[in-house]
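S.K.: Just data_16.cif, nothing more (mmCIF, C-alpha atoms):
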data_data
loop_
_atom_site.label_atom_id
_atom_site.label_comp_id
_atom_site.auth_asym_id
_atom_site.auth_seq_id
_atom_site.Cartn_x
_atom_site.Cartn_y
_atom_site.Cartn_z
CA MET A 1 158.61 117.00 143.92
CA THR A 2 158.74 120.56 142.59
CA VAL A 3 156.50 121.88 139.82
CA ASN A 4 159.53 121.99 137.47
CA ALA A 5 160.43 118.39 138.32
CA ILE A 6 156.85 117.25 137.65
CA ALA A 7 156.79 119.09 134.31
CA SER A 8 160.18 117.63 133.36
CA ASN A 9 159.05 114.12 134.30
CA SER A 10 155.80 114.54 132.32
CA GLY A 11 157.82 115.73 129.31
CA ARG A 12 160.11 112.69 129.56
CA ILE A 13 157.10 110.36 129.68
CA GLN A 14 155.38 112.02 126.70
CA SER A 15 158.63 111.90 124.69
CA ALA A 16 159.03 108.20 125.50
CA ILE A 17 155.46 107.49 124.38
CA GLN A 18 155.99 109.54 121.19
CA ARG A 19 159.09 107.49 120.27
CA ALA A 20 157.28 104.20 120.98
CA ALA A 21 154.33 105.29 118.83
CA ALA A 22 156.59 106.33 115.95
CA ARG A 23 158.54 103.07 116.05
CA THR A 24 155.51 100.74 116.12
CA GLY A 25 152.84 102.70 114.26
CA ILE A 26 150.50 102.52 117.28
CA ASP A 27 148.55 105.75 117.74
CA PHE A 28 150.22 108.19 120.17
CA ASP A 29 146.88 109.35 121.60
CA TYR A 30 145.92 105.73 122.35
CA LEU A 31 149.22 105.07 124.15
CA LEU A 32 149.05 108.37 126.06
CA GLY A 33 145.43 107.74 127.03
CA GLN A 34 146.25 104.22 128.18
CA ALA A 35 149.07 105.51 130.41
CA LYS A 36 146.77 108.19 131.86
CA VAL A 37 144.08 105.61 132.67
CA GLU A 38 146.47 102.99 134.01
CA SER A 39 148.81 105.11 136.13
CA GLY A 40 147.92 108.79 135.84
CA LEU A 41 151.27 109.09 134.02
CA ASN A 42 153.08 107.93 137.17
CA ALA A 43 155.98 105.73 136.03
CA SER A 44 156.33 104.13 139.46
CA ALA A 45 152.63 103.45 140.12
CA SER A 46 151.74 100.12 141.72
CA ALA A 47 148.41 98.37 142.14
CA THR A 48 147.16 97.13 145.50
CA THR A 49 145.01 94.33 144.05
CA SER A 50 147.47 92.69 141.63
CA SER A 51 151.13 92.53 140.55
CA ALA A 52 150.59 95.47 138.16
CA ARG A 53 153.35 98.11 138.15
CA GLY A 54 154.60 101.09 136.17
CA LEU A 55 153.29 103.52 133.61
CA TYR A 56 151.19 100.85 131.86
CA GLN A 57 150.45 98.67 134.91
CA PHE A 58 151.85 95.49 133.38
CA VAL A 59 151.26 92.42 135.57
CA GLU A 60 154.26 90.11 135.91
CA GLN A 61 153.24 87.48 133.35
CA SER A 62 152.33 90.02 130.65
CA TRP A 63 155.58 91.91 131.21
CA LEU A 64 157.74 88.80 131.05
CA SER A 65 155.94 87.67 127.90
CA VAL A 66 156.35 90.95 126.00
CA MET A 67 159.92 91.32 127.23
CA LYS A 68 160.74 87.79 126.03
CA GLN A 69 159.29 88.60 122.62
CA HIS A 70 160.62 92.13 122.10
CA GLY A 71 163.35 92.86 124.65
CA SER A 72 166.22 92.04 122.28
CA GLU A 73 164.95 94.62 119.77
CA TYR A 74 165.62 97.30 122.43
CA GLY A 75 169.05 96.16 123.59
CA LEU A 76 167.61 94.07 126.41
CA GLY A 77 168.76 90.68 125.17
CA TRP A 78 170.00 89.82 128.66
CA ALA A 79 166.40 90.07 129.90
CA ALA A 80 164.80 88.28 126.96
CA ASP A 81 167.33 85.44 127.18
CA ALA A 82 166.70 84.95 130.91
CA ILE A 83 162.95 84.39 130.44
CA SER A 84 161.55 80.98 129.51
CA ARG A 85 158.11 79.39 129.30
CA ASN A 86 157.49 76.38 131.54
CA ALA A 87 155.42 73.29 130.73
CA SER A 88 152.23 74.93 132.01
CA GLY A 89 152.80 77.99 129.80
CA ARG A 90 153.90 80.40 132.54
CA MET A 91 156.84 82.71 131.91
CA THR A 92 159.64 82.09 134.41
CA VAL A 93 163.10 83.42 135.27
CA SER A 94 165.33 80.96 137.11
CA ASP A 95 167.45 83.56 138.96
CA SER A 96 165.39 85.63 141.41
CA ALA A 97 167.70 88.69 141.26
CA THR A 98 167.49 88.72 137.45
CA LYS A 99 163.71 88.35 137.64
CA GLN A 100 163.48 91.35 139.98
CA ALA A 101 165.73 93.39 137.64
CA ILE A 102 163.49 92.53 134.66
CA LEU A 103 160.30 93.35 136.57
CA ALA A 104 161.82 96.65 137.78
CA LEU A 105 162.08 97.77 134.13
CA ARG A 106 158.30 98.32 134.25
CA ASN A 107 159.08 101.57 136.12
CA ASN A 108 161.32 102.88 133.31
CA PRO A 109 159.09 105.12 131.12
CA GLU A 110 161.11 104.55 127.94
CA ILE A 111 161.11 100.76 128.25
CA ALA A 112 157.53 100.58 129.52
CA SER A 113 156.29 102.75 126.63
CA ALA A 114 158.18 100.67 124.08
CA MET A 115 156.83 97.39 125.48
CA ALA A 116 153.28 98.78 125.71
CA ALA A 117 153.45 99.84 122.06
CA GLU A 118 154.87 96.46 120.95
CA HIS A 119 152.23 94.66 123.01
CA ALA A 120 149.49 96.77 121.42
CA SER A 121 150.90 96.12 117.94
CA ASP A 122 150.94 92.35 118.53
CA ASN A 123 147.41 92.47 119.95
CA LYS A 124 146.17 94.60 117.03
CA ASP A 125 147.32 92.01 114.50
CA ALA A 126 145.82 89.12 116.48
CA LEU A 127 142.49 90.84 117.15
CA GLU A 128 142.08 91.90 113.53
CA SER A 129 142.72 88.33 112.48
CA ALA A 130 140.15 87.04 115.01
CA THR A 131 137.41 89.61 114.37
CA GLY A 132 137.88 90.28 110.65
CA ARG A 133 137.72 94.04 111.22
CA GLU A 134 140.10 96.85 112.13
CA ALA A 135 140.86 96.88 115.84
CA THR A 136 139.74 100.00 117.71
CA GLY A 137 141.60 101.64 120.57
CA THR A 138 138.99 100.13 122.89
CA ASP A 139 139.70 96.64 121.49
CA LEU A 140 143.42 97.19 122.15
CA TYR A 141 142.71 98.35 125.67
CA MET A 142 140.59 95.24 126.30
CA ALA A 143 143.57 93.11 125.20
CA HIS A 144 145.83 95.00 127.60
CA PHE A 145 143.31 94.74 130.41
CA LEU A 146 142.22 91.09 129.96
CA GLY A 147 145.08 89.63 127.93
CA LEU A 148 144.70 88.65 124.30
CA GLY A 149 142.72 85.47 124.98
CA GLY A 150 140.42 87.33 127.35
CA ALA A 151 139.85 90.12 124.81
CA ARG A 152 138.99 87.63 122.07
CA ARG A 153 136.51 85.95 124.41
CA PHE A 154 135.08 89.29 125.55
CA LEU A 155 134.60 90.60 121.99
CA ALA A 156 133.10 87.34 120.69
CA ASN A 157 130.62 87.16 123.56
CA MET A 158 129.77 90.85 123.29
CA GLN A 159 129.00 90.43 119.60
CA SER A 160 126.61 87.51 120.23
CA ASN A 161 125.16 88.58 123.60
CA PRO A 162 126.11 92.13 124.69
CA GLY A 163 123.86 91.98 127.78
CA THR A 164 125.84 89.15 129.42
CA SER A 165 127.33 89.95 132.85
CA ALA A 166 131.01 90.79 132.34
CA ALA A 167 131.82 89.73 135.92
CA GLY A 168 130.21 86.35 135.28
CA LEU A 169 132.58 85.74 132.37
CA PHE A 170 135.67 87.24 134.05
CA PRO A 171 135.34 86.63 137.81
CA ALA A 172 139.05 87.03 138.64
CA ALA A 173 139.33 90.33 136.75
CA ALA A 174 136.10 91.50 138.39
CA ARG A 175 137.47 90.76 141.88
CA ALA A 176 140.59 92.84 141.16
CA ASN A 177 138.68 95.66 139.40
CA ARG A 178 135.28 96.05 141.06
CA GLY A 179 134.81 99.60 139.74
CA VAL A 180 135.06 98.35 136.16
CA PHE A 181 132.70 95.40 136.46
CA TYR A 182 130.10 96.72 138.92
CA ASN A 183 127.97 99.85 139.16
CA SER A 184 128.04 101.96 142.33
CA ASP A 185 124.86 100.21 143.53
CA GLY A 186 126.62 96.82 143.30
CA SER A 187 124.80 95.61 140.19
CA ALA A 188 126.95 93.87 137.58
CA ARG A 189 127.77 95.68 134.35
CA SER A 190 127.13 93.95 131.03
CA LEU A 191 129.83 93.30 128.43
CA ALA A 192 128.47 96.24 126.41
CA ASP A 193 128.57 98.48 129.51
CA VAL A 194 132.21 97.61 130.26
CA TYR A 195 133.23 98.11 126.63
CA GLN A 196 131.44 101.46 126.49
CA ARG A 197 133.09 102.54 129.74
CA PHE A 198 136.52 101.88 128.23
CA ALA A 199 135.51 103.55 124.96
#
Give the structure from this file in structure tokens form.

M.R.:
Amino acid sequence: MTVNAIASNSGRIQSAIQRAAARTGIDFDYLLGQAKVESGLNASASATTSSARGLYQFVEQSWLSVMKQHGSEYGLGWAADAISRNASGRMTVSDSATKQAILALRNNPEIASAMAAEHASDNKDALESATGREATGTDLYMAHFLGLGGARRFLANMQSNPGTSAAGLFPAAARANRGVFYNSDGSARSLADVYQRFA
């Protein structure tokens, strides 16, 4: 990729994030920072340890959930209508080709930015309701990283016992993200340490 192509692509991504921020009221710097942390502003980034893809590294279930909730607002009714929740609460798509088309949208910077902003807006409302205080950018990132339920659990436990091992509370997330949950010497980081690292 040439220098001009990289600059053009970076401009497209920043413009997409700016539009998503303006539409939802979520802070542009938060959304830009999240994309930098998650993918290095690479719209086609993919994780090796999970199903995470795209600018905001949405895993499949999170993407299907936010797309079900907000896709129609962005002219993606075909995608939203194809997604359903099964008896166990998992988001499913009955047709495999349609599912792949919906998941591929994670690599579209405009759609990914819009869904990340909507997801953050939903999480902001829920976290403020749960904590009784204004949600910080770090709180929003925790909800993106651990899911809303995980973020609520993380924040509640951190408030009552900040020294608790984060890996002990979130073993699956710790296995997929060793660098977040463990120090370079292999010792486990506390909830407060992980939160501060994201801050």

S.K.: Residues near A:Ala199, anyone? I mean within 10 Å using all atoms listed in the file, not counting same-chain ones fewer than 2 positions away, as a VMD selection string.

M.R.: chain A and resid 136 to 139 141 to 142 193 to 197

S.K.: So, with only C-alpha atoms as the atoms that count, which of A:Asn108, A:Thr164, A:Ser72, A:Gln159 lies closest to A:Asn42?

M.R.: A:Asn108

S.K.: Taking the file as shown, find all residues satisfying the PyMOL selection byres ((chain A and resi 46-58) around 8) and write them as a list in words.

M.R.: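 For this structure, the PyMOL selection byres ((chain A and resi 46-58) around 8) captures Gln34, Ala35, Glu38, Ser39, Gly40, Leu41, Asn42, Ala43, Ser44, Ala45, Val59, Glu60, Ser62, Trp63, Arg106, Asn107, Asn108, Pro109, Ala112, Ser113, Ala116, Ala176 and Asn177 of chain A.
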
S.K.: Convert the current residue selection to file output with C-alpha atoms, as an mmCIF file, keeping the file's coordinate frame.

M.R.:
data_model
loop_
_atom_site.group_PDB
_atom_site.id
_atom_site.type_symbol
_atom_site.label_atom_id
_atom_site.label_comp_id
_atom_site.auth_asym_id
_atom_site.auth_seq_id
_atom_site.Cartn_x
_atom_site.Cartn_y
_atom_site.Cartn_z
ATOM 1 C CA GLN A 34 146.250 104.220 128.180
ATOM 2 C CA ALA A 35 149.070 105.510 130.410
ATOM 3 C CA GLU A 38 146.470 102.990 134.010
ATOM 4 C CA SER A 39 148.810 105.110 136.130
ATOM 5 C CA GLY A 40 147.920 108.790 135.840
ATOM 6 C CA LEU A 41 151.270 109.090 134.020
ATOM 7 C CA ASN A 42 153.080 107.930 137.170
ATOM 8 C CA ALA A 43 155.980 105.730 136.030
ATOM 9 C CA SER A 44 156.330 104.130 139.460
ATOM 10 C CA ALA A 45 152.630 103.450 140.120
ATOM 11 C CA VAL A 59 151.260 92.420 135.570
ATOM 12 C CA GLU A 60 154.260 90.110 135.910
ATOM 13 C CA SER A 62 152.330 90.020 130.650
ATOM 14 C CA TRP A 63 155.580 91.910 131.210
ATOM 15 C CA ARG A 106 158.300 98.320 134.250
ATOM 16 C CA ASN A 107 159.080 101.570 136.120
ATOM 17 C CA ASN A 108 161.320 102.880 133.310
ATOM 18 C CA PRO A 109 159.090 105.120 131.120
ATOM 19 C CA ALA A 112 157.530 100.580 129.520
ATOM 20 C CA SER A 113 156.290 102.750 126.630
ATOM 21 C CA ALA A 116 153.280 98.780 125.710
ATOM 22 C CA ALA A 176 140.590 92.840 141.160
ATOM 23 C CA ASN A 177 138.680 95.660 139.400
#

S.K.: List, as number ranges by chain, every residue that the PyMOL selection byres ((chain A and resi 17-33) around 7) selects in the file provided.

M.R.: A: 13-16, 34-37, 113-114, 117-118, 121, 137

S.K.: Rounded to one decimal in Å, what is the spacing between atom CA of A:Ser165 and atom CA of A:Ala188?

M.R.: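 So the two atoms, atom CA of A:Ser165 and atom CA of A:Ala188, lie 6.2 Å apart.
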
S.K.: Give me the result of the PyMOL selection byres ((chain A and resi 150) around 12) on this file, residue by residue, as a PyMOL selection string.

M.R.: chain A and resi 123+127+139-149+151-158+166+169-173

S.K.: By how many Å are atom CA of A:Leu103 and atom CA of A:Leu64 apart?

M.R.: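 Answer for the atom CA of A:Leu103 to atom CA of A:Leu64 separation: 7.6 Å.
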
S.K.: I'd like to know which of A:Phe198, A:Ser10, A:Lys99, A:Arg178 is closest to A:Ser84, using only C-alpha atoms.

M.R.: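 Once distances to A:Ser84 are computed over only C-alpha atoms, the minimum belongs to A:Lys99.
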
S.K.: Could you check how far atom CA of A:Asn9 sits from atom CA of A:Gln61, in Å to one decimal?

M.R.: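 A separation of 27.3 Å between them.
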
S.K.: Might you pull out every residue within 10 Å of A:Ser65, with all atoms listed in the file counted and same-chain residues fewer than 5 positions away left off, and present them as a PDB file with C-alpha atoms, in the coordinates of the input?

M.R.:
ATOM      1  CA  GLU A  60     154.260  90.110 135.910  1.00  0.00           C
ATOM      2  CA  HIS A  70     160.620  92.130 122.100  1.00  0.00           C
ATOM      3  CA  GLY A  71     163.350  92.860 124.650  1.00  0.00           C
ATOM      4  CA  ALA A  80     164.800  88.280 126.960  1.00  0.00           C
ATOM      5  CA  ILE A  83     162.950  84.390 130.440  1.00  0.00           C
ATOM      6  CA  SER A  84     161.550  80.980 129.510  1.00  0.00           C
ATOM      7  CA  ARG A  85     158.110  79.390 129.300  1.00  0.00           C
ATOM      8  CA  ARG A  90     153.900  80.400 132.540  1.00  0.00           C
ATOM      9  CA  MET A  91     156.840  82.710 131.910  1.00  0.00           C
ATOM     10  CA  THR A  92     159.640  82.090 134.410  1.00  0.00           C
ATOM     11  CA  HIS A 119     152.230  94.660 123.010  1.00  0.00           C
TER      12      HIS A 119
END

S.K.: Would you mind listing what lies within 10 Å of A:Asn161 as a VMD selection string, with only C-alpha atoms counted and same-chain residues fewer than 6 positions away left out?

M.R.: chain A and resid 155 190 to 192

S.K.: A:Phe181, A:Gln100, A:Val93, A:Asp122: which is nearest A:Gln69, counting only C-alpha atoms?

M.R.: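 Ranked by minimum distance to A:Gln69, first place goes to A:Asp122.
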